[in-house]
file start.tsv (TSV, N, CA and C atoms)
chain	number	residue	atom	x	y	z
S	6	MET	N	-35.07	-159.56	-78.14
S	6	MET	CA	-34.54	-160.82	-77.68
S	6	MET	C	-35.69	-161.79	-77.51
S	7	THR	N	-35.50	-163.01	-77.98
S	7	THR	CA	-36.56	-164.01	-77.92
S	7	THR	C	-36.66	-164.64	-76.53
S	8	LYS	N	-37.81	-165.25	-76.29
S	8	LYS	CA	-38.02	-165.97	-75.02
S	8	LYS	C	-36.98	-167.06	-74.86
S	9	GLN	N	-36.65	-167.73	-75.94
S	9	GLN	CA	-35.67	-168.81	-75.89
S	9	GLN	C	-34.29	-168.27	-75.47
S	10	ASN	N	-33.90	-167.11	-76.01
S	10	ASN	CA	-32.62	-166.50	-75.62
S	10	ASN	C	-32.62	-166.11	-74.15
S	11	LEU	N	-33.73	-165.51	-73.70
S	11	LEU	CA	-33.83	-165.12	-72.29
S	11	LEU	C	-33.77	-166.35	-71.38
S	12	ASP	N	-34.47	-167.42	-71.77
S	12	ASP	CA	-34.44	-168.64	-70.98
S	12	ASP	C	-33.03	-169.23	-70.92
S	13	SER	N	-32.31	-169.14	-72.00
S	13	SER	CA	-30.94	-169.65	-72.04
S	13	SER	C	-30.03	-168.86	-71.09
S	14	ILE	N	-30.19	-167.54	-71.09
S	14	ILE	CA	-29.42	-166.70	-70.16
S	14	ILE	C	-29.80	-167.06	-68.73
S	15	GLY	N	-31.10	-167.22	-68.47
S	15	GLY	CA	-31.57	-167.59	-67.15
S	15	GLY	C	-31.01	-168.92	-66.67
S	16	PHE	N	-30.94	-169.88	-67.58
S	16	PHE	CA	-30.37	-171.18	-67.26
S	16	PHE	C	-28.93	-171.03	-66.79
S	17	ASP	N	-28.16	-170.19	-67.49
S	17	ASP	CA	-26.77	-169.97	-67.11
S	17	ASP	C	-26.65	-169.21	-65.79
S	18	ILE	N	-27.54	-168.25	-65.56
S	18	ILE	CA	-27.52	-167.51	-64.30
S	18	ILE	C	-27.72	-168.48	-63.13
S	19	ILE	N	-28.69	-169.37	-63.25
S	19	ILE	CA	-28.97	-170.32	-62.18
S	19	ILE	C	-27.80	-171.29	-62.00
S	20	GLY	N	-27.26	-171.77	-63.09
S	20	GLY	CA	-26.10	-172.67	-63.00
S	20	GLY	C	-24.91	-172.01	-62.34
S	21	CYS	N	-24.68	-170.75	-62.68
S	21	CYS	CA	-23.57	-170.01	-62.08
S	21	CYS	C	-23.83	-169.74	-60.59
S	22	ALA	N	-25.07	-169.47	-60.24
S	22	ALA	CA	-25.42	-169.25	-58.82
S	22	ALA	C	-25.15	-170.51	-58.02
S	23	TYR	N	-25.54	-171.66	-58.55
S	23	TYR	CA	-25.26	-172.92	-57.87
S	23	TYR	C	-23.75	-173.14	-57.72
S	24	GLU	N	-22.99	-172.81	-58.75
S	24	GLU	CA	-21.54	-172.97	-58.69
S	24	GLU	C	-20.93	-172.10	-57.61
S	25	VAL	N	-21.35	-170.85	-57.53
S	25	VAL	CA	-20.83	-169.94	-56.51
S	25	VAL	C	-21.19	-170.46	-55.12
S	26	ARG	N	-22.43	-170.83	-54.92
S	26	ARG	CA	-22.88	-171.30	-53.60
S	26	ARG	C	-22.14	-172.58	-53.20
S	27	LYS	N	-21.98	-173.48	-54.15
S	27	LYS	CA	-21.27	-174.74	-53.88
S	27	LYS	C	-19.81	-174.47	-53.51
S	28	THR	N	-19.22	-173.49	-54.15
S	28	THR	CA	-17.80	-173.20	-53.95
S	28	THR	C	-17.53	-172.50	-52.62
S	29	VAL	N	-18.37	-171.52	-52.25
S	29	VAL	CA	-18.05	-170.71	-51.06
S	29	VAL	C	-19.03	-170.83	-49.91
S	30	GLY	N	-20.19	-171.44	-50.10
S	30	GLY	CA	-21.14	-171.59	-49.01
S	30	GLY	C	-22.01	-170.37	-48.79
S	31	PRO	N	-22.77	-170.35	-47.66
S	31	PRO	CA	-23.82	-169.34	-47.46
S	31	PRO	C	-23.49	-168.16	-46.55
S	32	LEU	N	-22.30	-168.00	-46.03
S	32	LEU	CA	-22.09	-167.04	-44.94
S	32	LEU	C	-21.31	-165.78	-45.31
S	33	LEU	N	-21.21	-165.45	-46.56
S	33	LEU	CA	-20.42	-164.28	-46.96
S	33	LEU	C	-21.31	-163.07	-47.23
S	34	ARG	N	-20.67	-161.95	-47.50
S	34	ARG	CA	-21.40	-160.70	-47.77
S	34	ARG	C	-21.96	-160.69	-49.19
S	35	GLU	N	-23.03	-159.93	-49.35
S	35	GLU	CA	-23.71	-159.82	-50.65
S	35	GLU	C	-22.74	-159.39	-51.75
S	36	ASN	N	-21.90	-158.42	-51.47
S	36	ASN	CA	-20.99	-157.90	-52.48
S	36	ASN	C	-20.06	-158.99	-53.03
S	37	TYR	N	-19.63	-159.89	-52.17
S	37	TYR	CA	-18.77	-160.99	-52.60
S	37	TYR	C	-19.52	-161.87	-53.60
S	38	TYR	N	-20.74	-162.25	-53.25
S	38	TYR	CA	-21.54	-163.11	-54.13
S	38	TYR	C	-21.82	-162.44	-55.46
S	39	LYS	N	-22.12	-161.16	-55.42
S	39	LYS	CA	-22.42	-160.41	-56.65
S	39	LYS	C	-21.25	-160.50	-57.63
S	40	HIS	N	-20.05	-160.24	-57.14
S	40	HIS	CA	-18.89	-160.24	-58.03
S	40	HIS	C	-18.47	-161.65	-58.43
S	41	ALA	N	-18.65	-162.62	-57.54
S	41	ALA	CA	-18.36	-164.01	-57.89
S	41	ALA	C	-19.32	-164.50	-58.97
S	42	LEU	N	-20.60	-164.15	-58.84
S	42	LEU	CA	-21.60	-164.55	-59.83
S	42	LEU	C	-21.29	-163.90	-61.18
S	43	ALA	N	-20.95	-162.63	-61.17
S	43	ALA	CA	-20.59	-161.94	-62.43
S	43	ALA	C	-19.37	-162.60	-63.07
S	44	PHE	N	-18.39	-162.98	-62.26
S	44	PHE	CA	-17.20	-163.67	-62.78
S	44	PHE	C	-17.60	-164.98	-63.47
S	45	GLU	N	-18.43	-165.77	-62.80
S	45	GLU	CA	-18.87	-167.06	-63.38
S	45	GLU	C	-19.62	-166.84	-64.69
S	46	LEU	N	-20.46	-165.82	-64.74
S	46	LEU	CA	-21.21	-165.53	-65.97
S	46	LEU	C	-20.27	-165.14	-67.10
S	47	ARG	N	-19.27	-164.34	-66.79
S	47	ARG	CA	-18.29	-163.97	-67.82
S	47	ARG	C	-17.51	-165.19	-68.31
S	48	GLU	N	-17.22	-166.11	-67.40
S	48	GLU	CA	-16.52	-167.35	-67.77
S	48	GLU	C	-17.35	-168.16	-68.76
S	49	ARG	N	-18.66	-168.01	-68.72
S	49	ARG	CA	-19.55	-168.73	-69.65
S	49	ARG	C	-19.85	-167.92	-70.91
S	50	GLY	N	-19.16	-166.80	-71.06
S	50	GLY	CA	-19.28	-166.03	-72.30
S	50	GLY	C	-20.31	-164.91	-72.29
S	51	HIS	N	-20.87	-164.60	-71.15
S	51	HIS	CA	-21.85	-163.53	-71.05
S	51	HIS	C	-21.17	-162.22	-70.66
S	52	THR	N	-21.81	-161.12	-71.00
S	52	THR	CA	-21.40	-159.86	-70.40
S	52	THR	C	-22.16	-159.77	-69.08
S	53	ALA	N	-21.46	-159.35	-68.05
S	53	ALA	CA	-22.08	-159.24	-66.73
S	53	ALA	C	-21.50	-158.01	-66.05
S	54	GLU	N	-22.29	-156.94	-66.04
S	54	GLU	CA	-21.85	-155.68	-65.44
S	54	GLU	C	-22.44	-155.56	-64.04
S	55	CYS	N	-21.60	-155.15	-63.09
S	55	CYS	CA	-22.05	-154.97	-61.71
S	55	CYS	C	-22.34	-153.50	-61.43
S	56	GLU	N	-23.29	-153.28	-60.52
S	56	GLU	CA	-23.61	-151.93	-60.05
S	56	GLU	C	-23.98	-150.98	-61.20
S	57	VAL	N	-24.86	-151.43	-62.05
S	57	VAL	CA	-25.28	-150.64	-63.20
S	57	VAL	C	-26.33	-149.62	-62.75
S	58	ILE	N	-26.06	-148.36	-63.02
S	58	ILE	CA	-26.99	-147.30	-62.63
S	58	ILE	C	-28.10	-147.21	-63.66
S	59	LEU	N	-29.31	-147.22	-63.16
S	59	LEU	CA	-30.49	-147.13	-64.00
S	59	LEU	C	-31.15	-145.78	-63.71
S	60	PRO	N	-30.95	-144.81	-64.58
S	60	PRO	CA	-31.54	-143.49	-64.32
S	60	PRO	C	-33.06	-143.52	-64.47
S	61	ALA	N	-33.69	-142.62	-63.80
S	61	ALA	CA	-35.15	-142.49	-63.88
S	61	ALA	C	-35.49	-141.04	-64.20
S	62	LEU	N	-36.69	-140.86	-64.69
S	62	LEU	CA	-37.15	-139.52	-65.03
S	62	LEU	C	-38.18	-139.05	-64.02
S	63	TYR	N	-38.13	-137.76	-63.74
S	63	TYR	CA	-39.15	-137.12	-62.93
S	63	TYR	C	-39.52	-135.82	-63.62
S	64	LYS	N	-40.77	-135.74	-64.11
S	64	LYS	CA	-41.25	-134.57	-64.83
S	64	LYS	C	-40.28	-134.14	-65.93
S	65	GLY	N	-39.80	-135.16	-66.65
S	65	GLY	CA	-38.93	-134.90	-67.78
S	65	GLY	C	-37.47	-134.68	-67.44
S	66	HIS	N	-37.13	-134.71	-66.18
S	66	HIS	CA	-35.75	-134.52	-65.76
S	66	HIS	C	-35.17	-135.85	-65.28
S	67	GLN	N	-33.93	-136.10	-65.70
S	67	GLN	CA	-33.28	-137.34	-65.31
S	67	GLN	C	-32.80	-137.23	-63.86
S	68	ILE	N	-33.19	-138.21	-63.06
S	68	ILE	CA	-32.75	-138.30	-61.67
S	68	ILE	C	-31.59	-139.30	-61.67
S	69	LEU	N	-30.39	-138.79	-61.51
S	69	LEU	CA	-29.22	-139.66	-61.57
S	69	LEU	C	-29.14	-140.55	-60.35
S	70	ASP	N	-28.56	-141.72	-60.58
S	70	ASP	CA	-28.30	-142.68	-59.50
S	70	ASP	C	-29.58	-143.05	-58.74
S	71	SER	N	-30.70	-143.09	-59.45
S	71	SER	CA	-31.97	-143.43	-58.82
S	71	SER	C	-32.02	-144.89	-58.41
S	72	PHE	N	-31.61	-145.75	-59.31
S	72	PHE	CA	-31.66	-147.19	-59.08
S	72	PHE	C	-30.31	-147.78	-59.46
S	73	ARG	N	-29.89	-148.78	-58.73
S	73	ARG	CA	-28.61	-149.44	-59.00
S	73	ARG	C	-28.85	-150.95	-59.07
S	74	ILE	N	-28.66	-151.51	-60.27
S	74	ILE	CA	-28.87	-152.94	-60.51
S	74	ILE	C	-27.60	-153.68	-60.09
S	75	ASP	N	-27.76	-154.77	-59.34
S	75	ASP	CA	-26.58	-155.53	-58.92
S	75	ASP	C	-25.81	-156.07	-60.13
S	76	ILE	N	-26.50	-156.81	-61.01
S	76	ILE	CA	-25.84	-157.38	-62.20
S	76	ILE	C	-26.79	-157.26	-63.39
S	77	LEU	N	-26.25	-156.78	-64.49
S	77	LEU	CA	-26.98	-156.75	-65.77
S	77	LEU	C	-26.28	-157.74	-66.69
S	78	VAL	N	-27.01	-158.77	-67.11
S	78	VAL	CA	-26.44	-159.84	-67.93
S	78	VAL	C	-26.85	-159.66	-69.38
S	79	ASP	N	-25.86	-159.58	-70.25
S	79	ASP	CA	-26.08	-159.45	-71.70
S	79	ASP	C	-27.01	-158.29	-72.03
S	80	ASN	N	-26.99	-157.27	-71.21
S	80	ASN	CA	-27.80	-156.06	-71.38
S	80	ASN	C	-29.30	-156.37	-71.45
S	81	GLU	N	-29.70	-157.53	-70.92
S	81	GLU	CA	-31.10	-157.96	-71.02
S	81	GLU	C	-31.71	-158.42	-69.70
S	82	VAL	N	-30.97	-159.15	-68.89
S	82	VAL	CA	-31.53	-159.79	-67.70
S	82	VAL	C	-30.93	-159.14	-66.45
S	83	LEU	N	-31.82	-158.78	-65.51
S	83	LEU	CA	-31.39	-158.16	-64.26
S	83	LEU	C	-31.25	-159.24	-63.19
S	84	VAL	N	-30.22	-159.09	-62.36
S	84	VAL	CA	-30.02	-160.00	-61.24
S	84	VAL	C	-29.79	-159.17	-59.98
S	85	GLU	N	-30.59	-159.42	-58.97
S	85	GLU	CA	-30.39	-158.81	-57.66
S	85	GLU	C	-29.90	-159.90	-56.73
S	86	THR	N	-28.79	-159.65	-56.06
S	86	THR	CA	-28.24	-160.62	-55.13
S	86	THR	C	-28.49	-160.17	-53.70
S	87	LYS	N	-28.70	-161.14	-52.85
S	87	LYS	CA	-28.89	-160.90	-51.42
S	87	LYS	C	-28.09	-161.94	-50.66
S	88	SER	N	-27.85	-161.66	-49.38
S	88	SER	CA	-27.21	-162.62	-48.49
S	88	SER	C	-27.89	-162.48	-47.12
S	89	LEU	N	-29.12	-162.99	-47.05
S	89	LEU	CA	-29.96	-162.84	-45.86
S	89	LEU	C	-30.54	-164.20	-45.47
S	90	PRO	N	-30.80	-164.43	-44.17
S	90	PRO	CA	-31.46	-165.68	-43.80
S	90	PRO	C	-32.85	-165.79	-44.44
S	91	LEU	N	-33.58	-164.68	-44.47
S	91	LEU	CA	-34.90	-164.60	-45.10
S	91	LEU	C	-35.01	-163.29	-45.86
S	92	MET	N	-35.70	-163.33	-46.98
S	92	MET	CA	-36.01	-162.10	-47.70
S	92	MET	C	-37.46	-161.76	-47.43
S	93	SER	N	-37.88	-160.62	-47.96
S	93	SER	CA	-39.28	-160.23	-47.83
S	93	SER	C	-39.83	-159.90	-49.21
S	94	SER	N	-41.13	-159.67	-49.24
S	94	SER	CA	-41.74	-159.30	-50.52
S	94	SER	C	-41.18	-157.96	-51.02
S	95	ALA	N	-40.63	-157.14	-50.12
S	95	ALA	CA	-40.02	-155.87	-50.54
S	95	ALA	C	-38.83	-156.10	-51.46
S	96	ASP	N	-38.09	-157.18	-51.26
S	96	ASP	CA	-36.96	-157.49	-52.14
S	96	ASP	C	-37.45	-157.82	-53.54
S	97	ALA	N	-38.55	-158.55	-53.64
S	97	ALA	CA	-39.13	-158.86	-54.95
S	97	ALA	C	-39.69	-157.60	-55.60
S	98	ARG	N	-40.33	-156.74	-54.81
S	98	ARG	CA	-40.86	-155.47	-55.36
S	98	ARG	C	-39.74	-154.60	-55.90
S	99	GLN	N	-38.59	-154.60	-55.22
S	99	GLN	CA	-37.44	-153.82	-55.69
S	99	GLN	C	-37.04	-154.27	-57.10
S	100	LEU	N	-36.90	-155.57	-57.29
S	100	LEU	CA	-36.51	-156.07	-58.60
S	100	LEU	C	-37.58	-155.79	-59.64
S	101	MET	N	-38.86	-155.95	-59.28
S	101	MET	CA	-39.93	-155.67	-60.24
S	101	MET	C	-39.92	-154.20	-60.64
S	102	THR	N	-39.64	-153.32	-59.71
S	102	THR	CA	-39.52	-151.90	-60.04
S	102	THR	C	-38.41	-151.68	-61.06
S	103	TYR	N	-37.26	-152.32	-60.85
S	103	TYR	CA	-36.14	-152.19	-61.78
S	103	TYR	C	-36.52	-152.70	-63.17
S	104	LEU	N	-37.25	-153.81	-63.22
S	104	LEU	CA	-37.69	-154.35	-64.51
S	104	LEU	C	-38.60	-153.37	-65.22
S	105	LYS	N	-39.56	-152.81	-64.50
S	105	LYS	CA	-40.50	-151.88	-65.11
S	105	LYS	C	-39.83	-150.60	-65.58
S	106	VAL	N	-38.99	-150.04	-64.73
S	106	VAL	CA	-38.32	-148.78	-65.08
S	106	VAL	C	-37.37	-148.97	-66.27
S	107	SER	N	-36.71	-150.12	-66.31
S	107	SER	CA	-35.74	-150.37	-67.39
S	107	SER	C	-36.39	-150.87	-68.67
S	108	GLY	N	-37.63	-151.37	-68.57
S	108	GLY	CA	-38.29	-151.93	-69.74
S	108	GLY	C	-37.82	-153.33	-70.09
S	109	ARG	N	-37.06	-153.95	-69.20
S	109	ARG	CA	-36.59	-155.31	-69.45
S	109	ARG	C	-37.63	-156.31	-68.96
S	110	LYS	N	-37.52	-157.53	-69.47
S	110	LYS	CA	-38.58	-158.51	-69.24
S	110	LYS	C	-38.28	-159.56	-68.19
S	111	LEU	N	-37.00	-159.80	-67.87
S	111	LEU	CA	-36.67	-160.93	-67.01
S	111	LEU	C	-35.66	-160.52	-65.94
S	112	GLY	N	-35.91	-161.01	-64.72
S	112	GLY	CA	-34.99	-160.76	-63.63
S	112	GLY	C	-34.95	-161.92	-62.66
S	113	TYR	N	-33.85	-162.04	-61.95
S	113	TYR	CA	-33.68	-163.08	-60.94
S	113	TYR	C	-33.28	-162.44	-59.63
S	114	LEU	N	-33.92	-162.88	-58.58
S	114	LEU	CA	-33.59	-162.49	-57.22
S	114	LEU	C	-32.93	-163.71	-56.60
S	115	ILE	N	-31.64	-163.59	-56.27
S	115	ILE	CA	-30.89	-164.73	-55.78
S	115	ILE	C	-30.36	-164.41	-54.38
S	116	ASN	N	-30.80	-165.21	-53.42
S	116	ASN	CA	-30.40	-165.03	-52.03
S	116	ASN	C	-29.41	-166.12	-51.64
S	117	PHE	N	-28.13	-165.75	-51.63
S	117	PHE	CA	-27.09	-166.71	-51.29
S	117	PHE	C	-27.07	-167.04	-49.80
S	118	GLY	N	-27.78	-166.27	-48.99
S	118	GLY	CA	-27.86	-166.52	-47.56
S	118	GLY	C	-28.96	-167.50	-47.17
S	119	ALA	N	-29.77	-167.91	-48.12
S	119	ALA	CA	-30.85	-168.85	-47.82
S	119	ALA	C	-30.28	-170.20	-47.40
S	120	LYS	N	-31.04	-170.89	-46.58
S	120	LYS	CA	-30.61	-172.21	-46.10
S	120	LYS	C	-30.30	-173.13	-47.28
S	121	GLU	N	-31.18	-173.14	-48.26
S	121	GLU	CA	-31.00	-173.94	-49.47
S	121	GLU	C	-31.20	-173.04	-50.68
S	122	LEU	N	-30.44	-173.29	-51.72
S	122	LEU	CA	-30.59	-172.50	-52.94
S	122	LEU	C	-31.62	-173.21	-53.82
S	123	ASP	N	-32.89	-173.13	-53.39
S	123	ASP	CA	-34.02	-173.74	-54.10
S	123	ASP	C	-34.85	-172.65	-54.76
S	124	PHE	N	-35.81	-173.08	-55.59
S	124	PHE	CA	-36.71	-172.15	-56.26
S	124	PHE	C	-37.89	-171.84	-55.35
S	125	GLY	N	-38.20	-170.56	-55.24
S	125	GLY	CA	-39.37	-170.12	-54.49
S	125	GLY	C	-40.40	-169.52	-55.42
S	126	LYS	N	-41.60	-169.30	-54.87
S	126	LYS	CA	-42.68	-168.68	-55.64
S	126	LYS	C	-42.98	-167.32	-55.04
S	127	LEU	N	-43.14	-166.34	-55.90
S	127	LEU	CA	-43.55	-165.02	-55.44
S	127	LEU	C	-44.91	-165.14	-54.79
S	128	GLY	N	-45.10	-164.44	-53.71
S	128	GLY	CA	-46.36	-164.50	-53.00
S	128	GLY	C	-46.36	-165.51	-51.87
S	129	ASP	N	-45.30	-166.32	-51.76
S	129	ASP	CA	-45.20	-167.22	-50.61
S	129	ASP	C	-45.19	-166.37	-49.34
S	130	PRO	N	-45.74	-166.89	-48.25
S	130	PRO	CA	-45.75	-166.10	-47.01
S	130	PRO	C	-44.36	-165.83	-46.46
S	131	ILE	N	-43.43	-166.75	-46.71
S	131	ILE	CA	-42.05	-166.57	-46.25
S	131	ILE	C	-41.13	-166.71	-47.46
S	132	TYR	N	-40.26	-165.75	-47.64
S	132	TYR	CA	-39.30	-165.78	-48.73
S	132	TYR	C	-38.01	-166.43	-48.23
S	133	ASP	N	-38.05	-167.76	-48.04
S	133	ASP	CA	-36.91	-168.46	-47.48
S	133	ASP	C	-36.13	-169.27	-48.51
S	134	LYS	N	-36.55	-169.23	-49.75
S	134	LYS	CA	-35.84	-169.94	-50.81
S	134	LYS	C	-34.75	-169.03	-51.37
S	135	GLY	N	-33.90	-169.58	-52.22
S	135	GLY	CA	-32.77	-168.82	-52.71
S	135	GLY	C	-32.93	-168.20	-54.08
S	136	ILE	N	-33.87	-168.70	-54.89
S	136	ILE	CA	-33.97	-168.22	-56.28
S	136	ILE	C	-35.43	-167.88	-56.60
S	137	TYR	N	-35.64	-166.67	-57.07
S	137	TYR	CA	-36.96	-166.24	-57.53
S	137	TYR	C	-36.81	-165.64	-58.92
S	138	ARG	N	-37.69	-166.04	-59.82
S	138	ARG	CA	-37.67	-165.56	-61.21
S	138	ARG	C	-38.83	-164.60	-61.39
S	139	LEU	N	-38.55	-163.39	-61.87
S	139	LEU	CA	-39.58	-162.39	-62.08
S	139	LEU	C	-39.66	-162.04	-63.55
S	140	VAL	N	-40.87	-161.94	-64.05
S	140	VAL	CA	-41.11	-161.61	-65.45
S	140	VAL	C	-41.95	-160.35	-65.51
S	141	ASN	N	-41.52	-159.41	-66.32
S	141	ASN	CA	-42.23	-158.16	-66.54
S	141	ASN	C	-42.98	-158.27	-67.86
S	142	ASN	N	-44.29	-158.40	-67.82
S	142	ASN	CA	-45.10	-158.50	-69.04
S	142	ASN	C	-45.50	-157.11	-69.50
S	143	ILE	N	-44.56	-156.39	-70.01
S	143	ILE	CA	-44.77	-155.00	-70.43
S	143	ILE	C	-45.96	-154.90	-71.36
call {"tool": "encode", "arguments": {"input": "start.tsv", "output": "structure tokens"}}
result
Amino acid sequence: MTKQNLDSIGFDIIGCAYEVRKTVGPLLRENYYKHALAFELRERGHTAECEVILPALYKGHQILDSFRIDILVDNEVLVETKSLPLMSSADARQLMTYLKVSGRKLGYLINFGAKELDFGKLGDPIYDKGIYRLVNNI
């Protein structure tokens, strides 16, 4: 998949996140946002699978149900949803782990519980923004 294709999927993910937040606001449970976001993505023509199990290997043996991705978009982009007043760097590390284990290059961490659904930067002292973009340079 090209960078341009990944960027296009990312553009739609962000647009759909804004639509969900605008429609229902910031005070609902994570599971609600996850399924609403997947619905919006499907409405835009993407495949969006929720709760995708990402198996891992340990000494050549598959460890079932090791990791569970909130949303897998077009079998390429990972999305982790949260509904918290503040996130931590541990939330970003979780998504980066999923990217590395899966071999995928792009992921979004979207916190619908943030005060504003703005873009944040990884490494900020406080994870108070709603959207973080992570890239795995395999």
call {"tool": "closest_residue", "arguments": {"input": "start.tsv", "among": "S:Leu89, S:Met101, S:Leu122, S:Ile74", "to": "Glu35 of chain S", "atoms": "only N, CA and C atoms"}}
result
S:Leu89
call {"tool": "residues_around", "arguments": {"input": "start.tsv", "residues": "Ile76 of chain S", "least_positions_apart": "5", "cutoff": "6 Å", "atoms": "all atoms listed in the file", "output": "PyMOL selection string"}}
result
chain S and resi 53-57+82-85
call {"tool": "atom_distance", "arguments": {"input": "start.tsv", "atom1": "atom CA of Met6 of chain S", "atom2": "atom CA of Val78 of chain S"}}
result
12.7 Å
call {"tool": "residues_near_point", "arguments": {"input": "start.tsv", "point": "(-30.2, -166.0, -44.6)", "cutoff": "8 Å", "atoms": "only C-alpha atoms", "output": "list in words"}}
result
Pro31, Ser88, Leu89, Pro90, Leu91, Met92, Asn116, Phe117, Gly118, Ala119, Lys120 and Asp133 of chain S
call {"tool": "atom_distance", "arguments": {"input": "start.tsv", "atom1": "atom N of His66 of chain S", "atom2": "atom CA of Arg109 of chain S"}}
result
20.9 Å
call {"tool": "select_by_dssp", "arguments": {"input": "start.tsv", "residues": "segment 14-103 of chain S", "states": "strand (DSSP E or B)", "output": "PyMOL selection string"}}
result
chain S and resi 53-63+66-78+82-87+92
call {"tool": "closest_residue", "arguments": {"input": "start.tsv", "among": "S:Val25, S:Val106, S:Leu11, S:Leu77", "to": "Tyr37 of chain S", "atoms": "only C-alpha atoms"}}
result
S:Val25
call {"tool": "closest_residue", "arguments": {"input": "start.tsv", "among": "S:Gly50, S:Pro60, S:Gly65, S:Gly135", "to": "Asp79 of chain S", "atoms": "all atoms listed in the file"}}
result
S:Gly50
call {"tool": "residues_near_point", "arguments": {"input": "start.tsv", "point": "(-36.3, -155.9, -56.4)", "cutoff": "10 Å", "atoms": "only C-alpha atoms", "output": "list in words"}}
result
Ile74, Leu83, Val84, Glu85, Thr86, Ser94, Ala95, Asp96, Ala97, Arg98, Gln99, Leu100, Met101, Thr102, Tyr103, Leu104, Gly112, Tyr113, Leu114 and Leu139 of chain S
call {"tool": "closest_residue", "arguments": {"input": "start.tsv", "among": "S:Leu59, S:Ala41, S:Leu33, S:Leu111", "to": "Ile14 of chain S", "atoms": "only C-alpha atoms"}}
result
S:Leu111
call {"tool": "closest_residue", "arguments": {"input": "start.tsv", "among": "S:Leu42, S:Arg47, S:Glu81, S:Leu32", "to": "Asn10 of chain S", "atoms": "only C-alpha atoms"}}
result
S:Glu81
call {"tool": "closest_residue", "arguments": {"input": "start.tsv", "among": "S:Ser93, S:Gly128, S:Ile115, S:Lys87", "to": "Asn36 of chain S", "atoms": "only N, CA and C atoms"}}
result
S:Lys87
